[in-house]
Amino acid sequence: MLNRRHLLTQGLLGLGGLAAAPSAYSQLLRSETNPEFVIKNGRIRQSIMGWCFRDHFNAVELAHHCKAIGLVAMEGIPREAYPEVKKLGLDISLVGSHGFANGPCNPKNREEVVTKLTEAIDVAKEVGSKSVITFTGMRFDGMDDEKAAKDCIDTWKEVLPHAEKSGITIVLEHLNSRDDTHPMKGHPGYFGDDLDFCAELIHEIGSPHFKLLFDIYHVSVMNGDIIRRIRQYKDIIGHYHTAGNPGRAELDNTQEINYPPILQAILDTGYEGFVAQEFIPTWDDPVLALRNAAQLCDI
């Protein structure tokens, strides 16, 4: 009979082997994904953030894959692709605007932000989207936090009447400032890097047409306690994004976020909007990676 020490030693060697060969471990995870899975439950309205897959497909190619898997919408794609995407029966879940760097926390960006948000609202109304994204922007030399917050609020309030009249919701995305390994995995210097602070800005705006974009990946990096925060801020959440943490990669067993109970918590709040997959694929087959995420989220 094997004694406990032998079993422990062999177990640690086995784990060491997996650690030494992460590709083999990842391949095992990939092999568990049903390559023919199609979304069946559909209780979560799954979308995709197109920029994550731009190294693999153009927007229309990606749209065909999304349609085959059963996703219902796309965002983060060139506007010229909207007509073809709509022809496939997919919605535009979110329209981009001014980008995360040049935000209203810096008064020199105010005119640009107002112009681009106004334009995005018009585009959203035209294509039948209900949401437009906004950001606080990056910190700058000599910045006063209290004034920067007021500048954000004043800028958004200038655009808000147009959003309300058009039936469009502006969603403020909270981003992490911790990850400095990749320009799209983290954003050091981003002003709105604290979820509770972003919620305060939204409460200060005080409109049902200005809400929070709850990016589960960024919240995991900066704040944690994801399910409790979903419940806490359910009344002001207007959109969700996903990704694995660490690394903003697939929603698989190599990352620390357990997505099924999070998605159940989202459903329990009565949320009926979109949840967009925003992970950067690392698997050899990016379509299988997307199918895996869709399968995991189809609770």
# chains A, B, ... in the order shown; residues from 1 in each chain; ligands from 1
call {"tool": "residues_around", "arguments": {"residues": "Glu158 (chain A)", "least_positions_apart": "4", "cutoff": "12 Å", "atoms": "only C-alpha atoms", "output": "MDAnalysis selection string"}}
result
chainID A and resid 104 110:111 113:115 117:118 151:154 162:164 205
call {"tool": "closest_atom_pairs", "arguments": {"of": "region 175-287 of chain A", "to": "region 65-74 of chain A", "cutoff": "12 Å", "atoms": "only C-alpha atoms", "output": "tab-separated table"}}
result
residue	atom	partner	partner_atom	distance
A:His241	CA	A:Met74	CA	11.9
A:Gly273	CA	A:Ala73	CA	10.9
A:Phe274	CA	A:Ala73	CA	8.0
A:Val275	CA	A:Ala73	CA	9.4
A:Ala276	CA	A:Met74	CA	7.7
A:Gln277	CA	A:Met74	CA	9.3
A:Glu278	CA	A:Met74	CA	10.6
A:Pro286	CA	A:His65	CA	10.2
A:Val287	CA	A:His65	CA	7.1
call {"tool": "atom_distance", "arguments": {"atom1": "CA of His239 (chain A)", "atom2": "CA of Ser97 (chain A)"}}
result
15.4 Å
call {"tool": "closest_residue", "arguments": {"among": "A:Val132, A:Ala120, A:Leu88, A:Met138", "to": "Asn106 (chain A)", "atoms": "only C-alpha atoms"}}
result
A:Met138
call {"tool": "select_by_dssp", "arguments": {"residues": "region 78-191 of chain A", "states": "helix (DSSP H, G or I)", "output": "compact mmCIF listing (two decimals) with C-alpha atoms, in the first residue's frame"}}
result
# COMPACT_ATOMS: atom_id res chain seq x y z
CA ARG A 79 -19.44 51.41 -37.45
CA GLU A 80 -19.21 50.60 -41.15
CA ALA A 81 -19.79 46.96 -40.20
CA TYR A 82 -23.09 47.71 -38.45
CA PRO A 83 -25.32 47.15 -41.52
CA GLU A 84 -23.90 43.66 -42.23
CA VAL A 85 -24.07 42.72 -38.57
CA LYS A 86 -27.69 43.87 -38.38
CA LYS A 87 -28.51 41.88 -41.53
CA PRO A 107 -11.24 70.17 -18.99
CA LYS A 108 -9.27 70.43 -22.22
CA ASN A 109 -11.20 67.36 -23.45
CA ARG A 110 -14.66 68.72 -22.70
CA GLU A 111 -15.54 69.86 -26.23
CA GLU A 112 -14.27 66.60 -27.75
CA VAL A 113 -16.20 64.49 -25.25
CA VAL A 114 -19.44 66.42 -25.77
CA THR A 115 -19.10 66.20 -29.55
CA LYS A 116 -18.30 62.49 -29.65
CA LEU A 117 -20.93 61.50 -27.09
CA THR A 118 -23.57 63.47 -28.99
CA GLU A 119 -22.54 61.80 -32.24
CA ALA A 120 -22.56 58.36 -30.60
CA ILE A 121 -26.04 58.93 -29.21
CA ASP A 122 -27.28 59.75 -32.71
CA VAL A 123 -25.64 56.62 -34.11
CA ALA A 124 -27.10 54.47 -31.33
CA LYS A 125 -30.58 55.77 -32.02
CA GLU A 126 -30.15 55.12 -35.75
CA VAL A 127 -29.03 51.50 -35.33
CA ASP A 145 -9.52 65.24 -7.83
CA GLU A 146 -12.52 67.19 -6.57
CA LYS A 147 -12.47 69.57 -9.54
CA ALA A 148 -11.90 66.66 -11.94
CA ALA A 149 -14.99 64.90 -10.60
CA LYS A 150 -17.03 68.09 -11.01
CA ASP A 151 -15.73 68.53 -14.57
CA CYS A 152 -16.83 64.97 -15.37
CA ILE A 153 -20.30 65.56 -13.98
CA ASP A 154 -20.72 68.94 -15.69
CA THR A 155 -19.65 67.52 -19.05
CA TRP A 156 -21.97 64.53 -18.85
CA LYS A 157 -24.86 66.73 -17.76
CA GLU A 158 -24.37 68.82 -20.88
CA VAL A 159 -24.98 65.75 -23.06
CA LEU A 160 -27.57 64.04 -20.88
CA PRO A 161 -30.69 65.87 -22.16
CA HIS A 162 -29.90 64.64 -25.68
CA ALA A 163 -29.48 61.07 -24.39
CA GLU A 164 -32.75 61.24 -22.46
CA LYS A 165 -34.66 62.67 -25.41
CA SER A 166 -33.20 59.96 -27.68
call {"tool": "closest_atom_pairs", "arguments": {"of": "region 47-105 of chain A", "to": "region 190-193 of chain A", "cutoff": "9 Å", "atoms": "only C-alpha atoms", "output": "CSV"}}
result
residue,atom,partner,partner_atom,distance
A:Phe100,CA,A:Tyr190,CA,8.1
A:Ala101,CA,A:Tyr190,CA,7.7
A:Cys105,CA,A:Phe191,CA,7.5
call {"tool": "write_last_selection", "arguments": {"atoms": "N, CA and C atoms", "output": "CSV table (one decimal), in the first residue's frame"}}
result
chain,number,residue,atom,x,y,z
A,100,PHE,N,-11.1,55.9,-23.7
A,100,PHE,CA,-10.9,56.0,-22.3
A,100,PHE,C,-9.8,57.0,-21.9
A,101,ALA,N,-9.0,57.4,-22.8
A,101,ALA,CA,-7.8,58.3,-22.4
A,101,ALA,C,-8.3,59.7,-22.3
A,105,CYS,N,-12.5,64.3,-17.2
A,105,CYS,CA,-11.8,64.8,-16.0
A,105,CYS,C,-10.8,65.9,-16.3
call {"tool": "closest_atom_pairs", "arguments": {"of": "region 219-279 of chain A", "to": "region 171-182 of chain A", "cutoff": "7 Å", "atoms": "only C-alpha atoms", "output": "JSON lines"}}
result
{"residue": "A:Val221", "atom": "CA", "partner": "A:Asn176", "partner_atom": "CA", "distance": 6.3}
{"residue": "A:Met222", "atom": "CA", "partner": "A:Asn176", "partner_atom": "CA", "distance": 5.6}
{"residue": "A:Gly238", "atom": "CA", "partner": "A:Val171", "partner_atom": "CA", "distance": 6.3}
call {"tool": "write_last_selection", "arguments": {"atoms": "N, CA and C atoms", "output": "mmCIF file, in the first residue's frame"}}
result
data_model
loop_
_atom_site.group_PDB
_atom_site.id
_atom_site.type_symbol
_atom_site.label_atom_id
_atom_site.label_comp_id
_atom_site.auth_asym_id
_atom_site.auth_seq_id
_atom_site.Cartn_x
_atom_site.Cartn_y
_atom_site.Cartn_z
ATOM 1 N N VAL A 221 -10.047 42.925 -10.410
ATOM 2 C CA VAL A 221 -8.682 43.413 -10.203
ATOM 3 C C VAL A 221 -8.631 44.498 -9.135
ATOM 4 N N MET A 222 -9.564 45.437 -9.170
ATOM 5 C CA MET A 222 -9.478 46.624 -8.320
ATOM 6 C C MET A 222 -10.211 46.504 -6.991
ATOM 7 N N GLY A 238 -25.955 49.319 -15.991
ATOM 8 C CA GLY A 238 -26.597 49.325 -17.295
ATOM 9 C C GLY A 238 -25.963 48.414 -18.313
#
call {"tool": "atom_distance", "arguments": {"atom1": "CA of Gly99 (chain A)", "atom2": "CA of Gln46 (chain A)"}}
result
22.7 Å
call {"tool": "closest_residue", "arguments": {"among": "A:His218, A:His56, A:Arg45, A:Lys40", "to": "Tyr271 (chain A)", "atoms": "only C-alpha atoms"}}
result
A:Arg45
call {"tool": "select_by_dssp", "arguments": {"residues": "region 208-272 of chain A", "states": "strand (DSSP E)", "output": "list of chain:residue names"}}
result
A:Phe210, A:Lys211, A:Leu212, A:Leu213, A:Phe214, A:Asp215, A:Ile237, A:Gly238, A:His239, A:Tyr240, A:His241, A:Thr242
call {"tool": "atom_distance", "arguments": {"atom1": "CA of Leu94 (chain A)", "atom2": "CA of Pro188 (chain A)"}}
result
24.3 Å
call {"tool": "residues_around", "arguments": {"residues": "Tyr259 (chain A)", "least_positions_apart": "3", "cutoff": "8 Å", "atoms": "only C-alpha atoms", "output": "list of chain:residue names"}}
result
A:Leu251, A:Ile262, A:Leu263, A:Leu296, A:Cys297
call {"tool": "write_last_selection", "arguments": {"atoms": "C-alpha atoms", "output": "short mmCIF file (atom, residue, chain, number, x, y, z; two decimals), in the first residue's frame"}}
result
data_model
loop_
_atom_site.label_atom_id
_atom_site.label_comp_id
_atom_site.auth_asym_id
_atom_site.auth_seq_id
_atom_site.Cartn_x
_atom_site.Cartn_y
_atom_site.Cartn_z
CA LEU A 251 -13.19 32.26 -18.94
CA ILE A 262 -21.86 35.64 -10.82
CA LEU A 263 -24.17 35.34 -13.80
CA LEU A 296 -20.08 28.74 -19.39
CA CYS A 297 -22.37 31.77 -19.37
#
